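K.L.:
Supplied structure: data_26.txt, compact mmCIF, C-alpha atoms.
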# COMPACT_ATOMS: atom_id res chain seq x y z
CA MET A 1 0.00 0.00 0.00
CA ARG A 2 1.31 3.44 -0.89
CA LYS A 3 1.57 6.20 1.67
CA VAL A 4 -1.02 8.99 1.54
CA ASP A 5 0.25 12.37 2.69
CA ILE A 6 -2.15 15.06 3.90
CA ARG A 7 -1.48 18.80 3.62
CA GLN A 8 -3.34 22.08 3.94
CA ALA A 9 -4.99 23.25 0.72
CA THR A 10 -3.53 26.37 -0.85
CA SER A 11 -4.59 28.76 -3.58
CA GLU A 12 -2.72 26.51 -6.02
CA ASP A 13 -5.34 23.79 -5.42
CA GLU A 14 -8.30 25.95 -6.42
CA GLU A 15 -8.66 24.73 -10.01
CA GLN A 16 -8.12 21.04 -9.20
CA ILE A 17 -10.75 21.12 -6.45
CA PHE A 18 -13.15 22.83 -8.88
CA LEU A 19 -12.58 20.08 -11.46
CA TRP A 20 -13.07 17.33 -8.86
CA ARG A 21 -16.25 19.00 -7.51
CA ASN A 22 -17.86 19.22 -10.94
CA HIS A 23 -16.79 15.78 -12.21
CA PRO A 24 -19.89 13.67 -13.00
CA LYS A 25 -18.72 10.77 -10.78
CA THR A 26 -18.25 13.13 -7.83
CA ARG A 27 -21.64 14.74 -8.39
CA GLU A 28 -23.32 11.30 -8.18
CA HIS A 29 -22.34 11.10 -4.50
CA ILE A 30 -22.78 14.60 -3.09
CA PHE A 31 -25.70 16.37 -1.46
CA ASP A 32 -26.04 19.08 -4.14
CA SER A 33 -25.31 17.32 -7.42
CA LYS A 34 -25.70 20.37 -9.68
CA PRO A 35 -22.51 21.72 -11.29
CA VAL A 36 -21.00 24.77 -9.58
CA SER A 37 -19.92 27.82 -11.59
CA TRP A 38 -16.30 28.96 -11.48
CA GLN A 39 -17.31 32.22 -9.73
CA THR A 40 -19.30 30.39 -7.05
CA HIS A 41 -16.39 28.03 -6.50
CA VAL A 42 -13.87 30.89 -6.21
CA GLU A 43 -16.01 32.63 -3.59
CA TRP A 44 -16.48 29.41 -1.59
CA PHE A 45 -12.81 28.43 -1.88
CA ASN A 46 -11.45 31.79 -0.74
CA GLU A 47 -13.89 31.97 2.17
CA THR A 48 -13.09 28.40 3.21
CA LEU A 49 -9.34 29.03 3.27
CA GLN A 50 -9.84 32.09 5.49
CA ARG A 51 -12.26 30.64 8.04
CA GLU A 52 -10.94 29.23 11.29
CA ASP A 53 -13.92 26.87 11.68
CA LYS A 54 -13.10 25.08 8.42
CA CYS A 55 -10.12 22.93 7.51
CA LEU A 56 -9.50 22.06 3.86
CA LEU A 57 -6.91 19.35 3.26
CA ILE A 58 -5.45 17.66 0.18
CA GLY A 59 -4.47 14.00 0.07
CA GLU A 60 -1.45 13.14 -2.06
CA ILE A 61 0.39 10.05 -3.21
CA ASP A 62 3.91 10.63 -4.53
CA ASN A 63 3.25 14.41 -4.47
CA GLN A 64 0.22 14.02 -6.76
CA PRO A 65 -3.15 15.27 -5.44
CA ILE A 66 -5.72 12.49 -5.13
CA GLY A 67 -8.58 14.04 -3.15
CA VAL A 68 -9.99 16.52 -0.67
CA LEU A 69 -10.81 16.19 3.01
CA ARG A 70 -12.80 18.99 4.63
CA PHE A 71 -13.79 19.56 8.24
CA ASP A 72 -16.57 22.08 8.97
CA ASN A 73 -16.64 22.69 12.72
CA VAL A 74 -19.98 23.61 14.27
CA ASP A 75 -20.49 23.72 18.04
CA SER A 76 -17.45 21.53 18.80
CA VAL A 77 -18.53 18.91 16.24
CA ALA A 78 -16.97 18.52 12.80
CA GLN A 79 -18.89 17.63 9.67
CA ILE A 80 -16.49 15.70 7.42
CA SER A 81 -16.55 15.81 3.63
CA ILE A 82 -14.30 13.58 1.55
Using structure tokens, write down the structure that the file contains.
P.N.:
Amino acid sequence: MRKVDIRQATSEDEEQIFLWRNHPKTREHIFDSKPVSWQTHVEWFNETLQREDKCLLIGEIDNQPIGVLRFDNVDSVAQISI
């Protein structure tokens, strides 16, 4: 099994996360399956990176991004999105 590294998302991940979010296979498994516009994504992404109650992480294998892990903290409980 290969090692998965986890790191904080940065502005350099914005486009890749957008592509993953709007991929048809991803949309089959998420709460709101409609495609998101680039502008909506940019607003969400920038807000998410700035908020202290959210944690946006990138999983990597061999320095290649493979997915997103997000924690949204509400009242000492985290909602997890993969």
K.L.:
List the spatial neighbours of Ile82 of chain A as a list in words - criterion: any atom at most 12 Å away, only C-alpha atoms, same-chain residues fewer than 5 positions off excluded.
P.N.:
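Residues near the query, excluding close chain neighbours: Ile17, Trp20, Arg21, Thr26, His29, Ile30, Cys55, Leu56, Leu57, Ile58, Gly59, Ile66, Gly67, Val68, Leu69, Arg70, Phe71 and Asp72 of chain A.
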K.L.:
Near segment 39-51 of chain A, counting all atoms listed in the file, which residues have an atom at most 9 Å away, once you skip same-chain residues fewer than 5 positions from it, shown as a list in words?
P.N.:
Ala9, Thr10, Ser11, Glu14, Glu15, Ile17, Phe18 and Leu56 of chain A
K.L.:
For Asp5 of chain A, which of A:Glu60, A:Glu28, A:His23, A:Ala78 is the closest residue, counting all atoms listed in the file?
P.N.:
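Ranked by minimum distance to Asp5 of chain A, first place goes to A:Glu60.
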K.L.:
Between A:Ser37, A:Lys54, A:Asp75, A:Asp62, which residue has the minimum interatomic distance to Asn22 of chain A, considering all atoms listed in the file?
P.N.:
A:Ser37
K.L.:
Step by step, gather every atom of segment 51-66 of chain A that the file lists, find the box along x, y and z that holds them, add 5 Å on each side, and finally give centre and edge lengths in Å to one decimal, as lines of an AutoDock Vina configuration file.
P.N.:
center_x = -5.0
center_y = 20.3
center_z = 2.5
size_x = 27.8
size_y = 30.6
size_z = 28.4
K.L.:
One decimal, in Å: what's the spacing between atom CA of Phe31 of chain A and atom CA of Val77 of chain A?
P.N.:
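So the answer is 19.3 Å.
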K.L.:
In Å, with one decimal, what is the gap from atom CA of Glu12 of chain A to atom CA of Gln64 of chain A?
P.N.:
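Separation between atom CA of Glu12 of chain A and atom CA of Gln64 of chain A: 12.9 Å.
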K.L.:
Would you please work out which residue, of A:Asp32, A:Gln8, A:Gln16, A:Gln79, is nearest to Pro65 of chain A when using all atoms listed in the file?
P.N.:
A:Gln16
K.L.:
At what distance in Å, to one decimal, does atom CA of Ile80 of chain A lie from atom CA of Val4 of chain A?
P.N.:
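Answer for the atom CA of Val4 of chain A to atom CA of Ile80 of chain A separation: 17.9 Å.
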K.L.:
So which one's closest to Arg7 of chain A, A:Ser81, A:Ser76, A:Ser33, A:Asn63? Using all atoms listed in the file, please.
P.N.:
A:Asn63
K.L.:
When distances are computed from all atoms listed in the file, which of A:Arg27, A:Arg2, A:Asn73, A:Asp13 shows the smallest separation from Asp53 of chain A?
P.N.:
A:Asn73
